[in-house]
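Asker: One structure, as structure tokens, below. Some questions next.
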Amino acid sequence: MAFEALDELLDESLELPIGGRTYKVPAPSAEIGLRTQALINAAAVAADGGRVDEQVLGDAAERDLYREVLGDAHEQMVADAVPWPALKHSALTAMVWIAQDKSAAERFWNAAGDPSRLAPNRAARRNRSDAASSTPSRGSTSGTSTRPAPPRGKANKRRK
């Protein structure tokens with residue numbers, strides 16, 4: 001079995017277009033990737049009301065995480081006076097890329113970080129449901145039933 005060089009196969013980067021320029025974010029080191037994963041996991045636990053490892057959050061707070069996840073692109077963005085919201089969105093997109101994958105990062109980038117824009121829009125949902133079926137659902141009141149309605153009033157008592 002022949003193996004290709006690992007660095008050729010995994011030579012990934014993330015390209016982020018801002019203000020007519022494209023910034024290339026290199027793949028992070030293993031250390032930065034692992035730290036980012038730990039931070040995102042801790043944030044998810046905290047968001048669900050769980051107890052968070054203070055050490056993980058403390059380590060992340062001590063370091064310049066945005067600079068680390070953006071790599072050389074961070075310096076270029078600062079030199080180009082990229083507005084803070086764009087730099088922040090770029091760093092968060094890089095974190096999504098590190099924690100998940102490129103397609104998740106692309107969806108996050110295109111949604112401008114807005115979770116409501118990540119969900120399919122109403123028209124898309126409507127088109128999918130229209131195409132699925134025109135038969136009324138089981139809970140629909142537009143259908144007919146041949147079964148008699150259950151008697152109202154006293155609840156049926158169980159026999160012992």
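By convention here, the chains of the structure tokens are called A, B, ... in the order presented, each chain's residues are numbered starting at 1, and ligands are numbered starting at 1 in the order presented.
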Which residues are near range 76-92 of chain A? Cut-off 8 Å, only C-alpha atoms, ignore same chain within fewer than 2 positions. Put them as a PyMOL selection string.

Answerer: chain A and resi 16+18+23+66-67+69-70+72-74+94-96+109+112-113

Asker: Where does DSSP see helix (DSSP H, G or I) in range 18-70 of chain A, if you list the residues as JSON, numbers by chain?

Answerer: {"A": [30, 31, 32, 33, 34, 35, 36, 37, 38, 39, 40, 41, 42, 43, 44, 45, 46, 47, 54, 55, 56, 57, 58, 59, 60, 61, 62, 65, 66, 67, 68, 69, 70]}

Asker: Give me a file of those residues, with N, CA and C atoms, as a compact mmCIF listing (two decimals), in the first residue's frame.

Answerer:
```
# COMPACT_ATOMS: atom_id res chain seq x y z
N ALA A 30 -1.19 21.52 16.41
CA ALA A 30 -1.94 20.57 17.23
C ALA A 30 -2.30 21.18 18.58
N GLU A 31 -1.38 21.91 19.18
CA GLU A 31 -1.63 22.51 20.49
C GLU A 31 -2.81 23.50 20.42
N ILE A 32 -2.78 24.36 19.43
CA ILE A 32 -3.86 25.36 19.28
C ILE A 32 -5.18 24.66 18.96
N GLY A 33 -5.13 23.65 18.11
CA GLY A 33 -6.35 22.90 17.78
C GLY A 33 -6.96 22.23 19.00
N LEU A 34 -6.13 21.61 19.81
CA LEU A 34 -6.62 20.93 21.01
C LEU A 34 -7.16 21.93 22.03
N ARG A 35 -6.48 23.06 22.19
CA ARG A 35 -6.93 24.08 23.13
C ARG A 35 -8.27 24.67 22.66
N THR A 36 -8.39 24.90 21.37
CA THR A 36 -9.64 25.45 20.82
C THR A 36 -10.78 24.46 21.03
N GLN A 37 -10.53 23.19 20.77
CA GLN A 37 -11.54 22.15 21.00
C GLN A 37 -11.98 22.15 22.46
N ALA A 38 -11.03 22.22 23.38
CA ALA A 38 -11.35 22.21 24.81
C ALA A 38 -12.17 23.43 25.19
N LEU A 39 -11.83 24.58 24.64
CA LEU A 39 -12.57 25.80 24.94
C LEU A 39 -14.00 25.72 24.42
N ILE A 40 -14.16 25.24 23.21
CA ILE A 40 -15.51 25.13 22.63
C ILE A 40 -16.35 24.11 23.40
N ASN A 41 -15.74 23.02 23.80
CA ASN A 41 -16.47 22.04 24.62
C ASN A 41 -16.88 22.64 25.96
N ALA A 42 -15.98 23.40 26.59
CA ALA A 42 -16.30 24.03 27.87
C ALA A 42 -17.43 25.05 27.70
N ALA A 43 -17.40 25.79 26.59
CA ALA A 43 -18.46 26.77 26.33
C ALA A 43 -19.80 26.07 26.13
N ALA A 44 -19.80 24.93 25.45
CA ALA A 44 -21.04 24.18 25.23
C ALA A 44 -21.60 23.66 26.55
N VAL A 45 -20.73 23.18 27.41
CA VAL A 45 -21.16 22.69 28.74
C VAL A 45 -21.75 23.85 29.53
N ALA A 46 -21.08 25.00 29.50
CA ALA A 46 -21.57 26.17 30.23
C ALA A 46 -22.92 26.62 29.68
N ALA A 47 -23.08 26.59 28.36
CA ALA A 47 -24.34 27.00 27.74
C ALA A 47 -25.49 26.08 28.14
N GLU A 54 -12.64 25.41 35.15
CA GLU A 54 -12.10 26.77 35.25
C GLU A 54 -10.70 26.86 34.65
N GLN A 55 -9.94 25.79 34.74
CA GLN A 55 -8.57 25.79 34.19
C GLN A 55 -8.60 25.98 32.68
N VAL A 56 -9.53 25.30 32.00
CA VAL A 56 -9.63 25.42 30.55
C VAL A 56 -9.95 26.86 30.17
N LEU A 57 -10.94 27.45 30.82
CA LEU A 57 -11.30 28.83 30.50
C LEU A 57 -10.20 29.80 30.89
N GLY A 58 -9.53 29.54 32.00
CA GLY A 58 -8.43 30.41 32.42
C GLY A 58 -7.29 30.39 31.43
N ASP A 59 -6.94 29.22 30.94
CA ASP A 59 -5.87 29.11 29.96
C ASP A 59 -6.22 29.88 28.69
N ALA A 60 -7.46 29.75 28.24
CA ALA A 60 -7.88 30.44 27.03
C ALA A 60 -7.86 31.95 27.23
N ALA A 61 -8.26 32.40 28.40
CA ALA A 61 -8.29 33.83 28.68
C ALA A 61 -6.89 34.42 28.74
N GLU A 62 -5.92 33.62 29.15
CA GLU A 62 -4.55 34.11 29.28
C GLU A 62 -3.87 34.30 27.93
N LEU A 65 -6.37 34.13 21.94
CA LEU A 65 -6.94 33.05 21.14
C LEU A 65 -7.21 33.47 19.70
N TYR A 66 -7.71 34.68 19.51
CA TYR A 66 -7.99 35.14 18.14
C TYR A 66 -6.71 35.15 17.31
N ARG A 67 -5.64 35.64 17.89
CA ARG A 67 -4.36 35.68 17.18
C ARG A 67 -3.90 34.26 16.85
N GLU A 68 -4.10 33.36 17.78
CA GLU A 68 -3.66 31.98 17.56
C GLU A 68 -4.46 31.28 16.47
N VAL A 69 -5.79 31.42 16.49
CA VAL A 69 -6.60 30.68 15.51
C VAL A 69 -6.50 31.29 14.11
N LEU A 70 -6.20 32.58 14.03
CA LEU A 70 -6.06 33.23 12.71
C LEU A 70 -4.65 33.13 12.14
```

Asker: Quick one: distance from CA of Trp97 in chain A to CA of Ala27 in chain A in Å, one decimal?

Answerer: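 Interatomic distance, CA of Trp97 in chain A to CA of Ala27 in chain A: 9.3 Å.
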
Asker: Would you work out the distance separating CA of Gly71 in chain A from CA of Ala99 in chain A, expressed in Å to one decimal?

Answerer: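 For CA of Gly71 in chain A relative to CA of Ala99 in chain A, the distance reads 15.8 Å.
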
Asker: By how many Å are CA of Lys102 in chain A and CA of Pro17 in chain A apart?

Answerer: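 Separation of CA of Lys102 in chain A and CA of Pro17 in chain A: 14.6 Å.
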